[in-house]
Amino acid sequence: MFDFTLTSERPIAAGMYVNGQWLSRGPASAAIEVENPANEDVVATITEGTETDAGEALDAARRAFSPWADRPAIERGRLVAALADEIEVHKDHLARLVTLEQGKPLGHAKQEIDAGITFLRYAAENARRIEGDIVTSDNRDEEIHIRRHPYGVVAGLTAWNYPFALAARKLGPALVAGNTFVLLSHEATPLSGLALASLSEKAGLPAGVFNVVTGRGPVVGAALVQSPMSDLVTMTGSTRAGREIYRAGADAIKVVRLELGGKAPFLVMEDADIDRAVQAAVAARYTNCGQICTCNERMYLHRAIADEFLEKFVAASRALTLGDPLGNADLGPKVSRVERDKVADIVASAVGAGAAVLLEGGIRENGAFSKGHWFAPTVLEASKNDNPAVQDEVFGPVATAVRVDDYDMAIRFANDTPFGLSAYLFTRDHKRLAQAPYRLKFGELYLNRSNGEAVQGFHTGWGLSGLGGEDGRYGFDGYLRKQTAYLNWG
């Protein structure tokens, strides 16, 4: 059992969960330290898994698949709902766990746990919605039946920005559809996935249906992707990692679902409700310290309202508090020093390319911030669309603005990117709102509102932002493959 309450002051040692058993590899095994990004304390150590560990987990999932898929879907749904019930009971401890390993403010961590519960409950409700079709044949004595079947073993790889919610988002629909699951969370934030496994035991999931391995993506993740025992790979993470997974699965023509990076444009036109747009832009930029793939990454402001918008946006950014995520701060630390320094490098490159600094936040490392990976809200204004802060995914609390002459120019600049995950538009013009889905080349649009998906929607990226998608009927259907049967009774 994994004690996810983390009540001890000493780091805990966490094993892997395979075939219903908690595996401890012993003191000779290589270990990875899990760090609290707010103070750099080690809160846990996990086993640095190997290809062999990945193989054992996949084998357990393979053996569990047929009995699990043979259960009526409603029974699978009830067990997934029971897992959601267990999370509900323990959500305060789980939220604290997320804060300790990832660094987001506790209030935001509680919202993440609630999101995980919603993902699982919605998936459980889909148990009675696995449907097929009967299609008219060209032959008199024949029908064409199209059925949906589970793929088999799903390998899930999740990112560090929402370690609990992303795991639940994939696990629920995969299991209800009849698949079994092997999870590898990012090595920086593995504890949420282990906590989910611990609660799956309490909920009564059969051994081997849900397995959790720990370790590094290039070793354990690659083994999960390349193994002939995995039938579908679903991953949320960087575009760089997505490319590697896509390549790794090519030889086996592996079915791959990738939810990758983004570079969301935030368009504010001359007729927008400025106060509402500023409020949405702040939330969409700084929530989770800017570590969301759908974040407001670049703001295109009509010249007529740019000064007013920026004055209010900079003031709101300056008013945000940075501090202990277990307290009441608006922003916690970046997840790691490497990630913090990546953001600082982009800011330096942007300024070097001519961007003006409207709010100098940057790295904080003195006084209360002498430990941890702190980066204060920063606001830049660029004069050109090719500035590094406009083109490169920042994934941190840095907002960049560009002034535009009109709606057409804003659309042209917005689409000038290989990413295609999300985009924002603030305008009162109904014609612009009606045209936006045809002119903005992104999988997810936020029109006169901030970010935040609904579980019944479809979260999907275009271009370098991914393949497939999550949530809703279309996301659920991604865990089912189709079979056509020609039934002839002549």
# chains A, B, ... in the order shown; residues from 1 in each chain; ligands from 1
>>> select_by_dssp(residues="stretch 251-349 of chain A", states="strand (DSSP E)", output="PyMOL selection string")
chain A and resi 255-259+264-268+296-302
>>> closest_residue(among="A:Leu445, A:Leu421, A:Ala389, A:Ala165", to="A:Ser465", atoms="only C-alpha atoms")
A:Leu421
>>> closest_residue(among="A:Ala414, A:Leu106, A:Ser370, A:Glu259", to="A:Phe458", atoms="only C-alpha atoms")
A:Glu259
>>> residues_around(residues="stretch 49-52 of chain A", least_positions_apart="2", cutoff="12 Å", atoms="only C-alpha atoms", output="count of residues only")
38
>>> select_by_dssp(residues="stretch 143-334 of chain A", states="helix (DSSP H, G or I)", output="PyMOL selection string")
chain A and resi 163-176+191-203+217-226+239-248+274-290+303-319
>>> residues_around(residues="A:Asp324", least_positions_apart="6", cutoff="8 Å", atoms="only C-alpha atoms", output="PyMOL selection string")
chain A and resi 38+105+332
>>> write_last_selection(atoms="N, CA, C and O atoms", output="tab-separated table (two decimals), in the first residue's frame")
chain	number	residue	atom	x	y	z
A	38	ALA	N	8.45	23.90	-3.90
A	38	ALA	CA	8.39	25.13	-3.13
A	38	ALA	C	9.58	25.31	-2.21
A	38	ALA	O	9.94	26.43	-1.87
A	105	PRO	N	-1.00	25.97	-6.01
A	105	PRO	CA	-1.70	26.33	-4.78
A	105	PRO	C	-2.74	25.28	-4.39
A	105	PRO	O	-3.37	24.66	-5.25
A	332	GLY	N	2.11	29.40	-7.15
A	332	GLY	CA	3.17	28.65	-6.51
A	332	GLY	C	4.42	28.68	-7.36
A	332	GLY	O	4.55	29.50	-8.28
>>> closest_residue(among="A:Gly152, A:Gly116, A:Pro333, A:Pro377", to="A:Met229", atoms="only C-alpha atoms")
A:Gly152
>>> residues_around(residues="A:Leu191", least_positions_apart="3", cutoff="12 Å", atoms="only C-alpha atoms", output="JSON, numbers by chain")
{"A": [2, 3, 4, 5, 6, 12, 13, 14, 15, 16, 17, 32, 33, 34, 35, 36, 43, 44, 45, 46, 47, 93, 94, 95, 96, 97, 98, 99, 100, 101, 102, 160, 162, 163, 164, 167, 183, 184, 185, 186, 187, 188, 194, 195, 196, 197, 198, 212, 213, 214, 215]}
>>> write_last_selection(atoms="C-alpha atoms", output="mmCIF file, in the first residue's frame")
data_model
loop_
_atom_site.group_PDB
_atom_site.id
_atom_site.type_symbol
_atom_site.label_atom_id
_atom_site.label_comp_id
_atom_site.auth_asym_id
_atom_site.auth_seq_id
_atom_site.Cartn_x
_atom_site.Cartn_y
_atom_site.Cartn_z
ATOM 1 C CA PHE A 2 1.136 3.534 -0.764
ATOM 2 C CA ASP A 3 0.605 6.002 2.083
ATOM 3 C CA PHE A 4 -0.417 9.073 0.092
ATOM 4 C CA THR A 5 -1.137 11.121 3.222
ATOM 5 C CA LEU A 6 2.606 11.914 3.505
ATOM 6 C CA ILE A 12 8.628 7.847 2.049
ATOM 7 C CA ALA A 13 9.715 5.074 -0.308
ATOM 8 C CA ALA A 14 7.099 4.183 -2.912
ATOM 9 C CA GLY A 15 7.042 0.960 -4.890
ATOM 10 C CA MET A 16 5.296 0.130 -8.162
ATOM 11 C CA TYR A 17 1.821 -1.390 -8.402
ATOM 12 C CA ILE A 32 14.451 8.839 -8.091
ATOM 13 C CA GLU A 33 13.840 11.568 -5.546
ATOM 14 C CA VAL A 34 10.534 13.432 -5.700
ATOM 15 C CA GLU A 35 11.077 17.054 -4.758
ATOM 16 C CA ASN A 36 8.726 19.646 -3.311
ATOM 17 C CA VAL A 43 9.087 14.149 -0.058
ATOM 18 C CA ALA A 44 9.458 10.635 -1.488
ATOM 19 C CA THR A 45 11.675 8.277 -3.416
ATOM 20 C CA ILE A 46 10.409 6.060 -6.198
ATOM 21 C CA THR A 47 11.941 3.108 -7.971
ATOM 22 C CA HIS A 93 -5.099 14.339 1.351
ATOM 23 C CA LEU A 94 -4.888 13.936 -2.429
ATOM 24 C CA ALA A 95 -4.955 17.684 -3.006
ATOM 25 C CA ARG A 96 -2.136 18.178 -0.515
ATOM 26 C CA LEU A 97 -0.177 15.445 -2.297
ATOM 27 C CA VAL A 98 -0.568 17.245 -5.631
ATOM 28 C CA THR A 99 0.628 20.507 -4.088
ATOM 29 C CA LEU A 100 3.657 18.865 -2.500
ATOM 30 C CA GLU A 101 4.853 17.165 -5.680
ATOM 31 C CA GLN A 102 3.761 19.718 -8.292
ATOM 32 C CA TRP A 160 3.624 16.807 -14.613
ATOM 33 C CA TYR A 162 -1.896 17.973 -13.756
ATOM 34 C CA PRO A 163 -0.616 14.637 -12.454
ATOM 35 C CA PHE A 164 -3.855 13.413 -10.886
ATOM 36 C CA ALA A 167 -4.298 10.041 -15.120
ATOM 37 C CA LEU A 183 0.296 4.095 -16.212
ATOM 38 C CA LEU A 184 3.637 5.869 -16.214
ATOM 39 C CA SER A 185 3.411 9.328 -14.656
ATOM 40 C CA HIS A 186 6.185 11.849 -15.211
ATOM 41 C CA GLU A 187 9.091 11.167 -12.866
ATOM 42 C CA ALA A 188 8.773 14.650 -11.337
ATOM 43 C CA LEU A 194 0.483 5.776 -7.158
ATOM 44 C CA ALA A 195 -2.262 7.230 -4.940
ATOM 45 C CA LEU A 196 -4.788 6.448 -7.668
ATOM 46 C CA ALA A 197 -3.553 2.847 -7.701
ATOM 47 C CA SER A 198 -3.860 2.628 -3.935
ATOM 48 C CA VAL A 212 1.406 1.783 -12.229
ATOM 49 C CA VAL A 213 5.113 1.757 -13.029
ATOM 50 C CA THR A 214 7.651 4.431 -12.154
ATOM 51 C CA GLY A 215 10.799 5.642 -13.859
#
>>> residues_around(residues="stretch 479-489 of chain A", least_positions_apart="5", cutoff="8 Å", atoms="only C-alpha atoms", output="ChimeraX atom specification")
/A:141-151,173-174,177,179
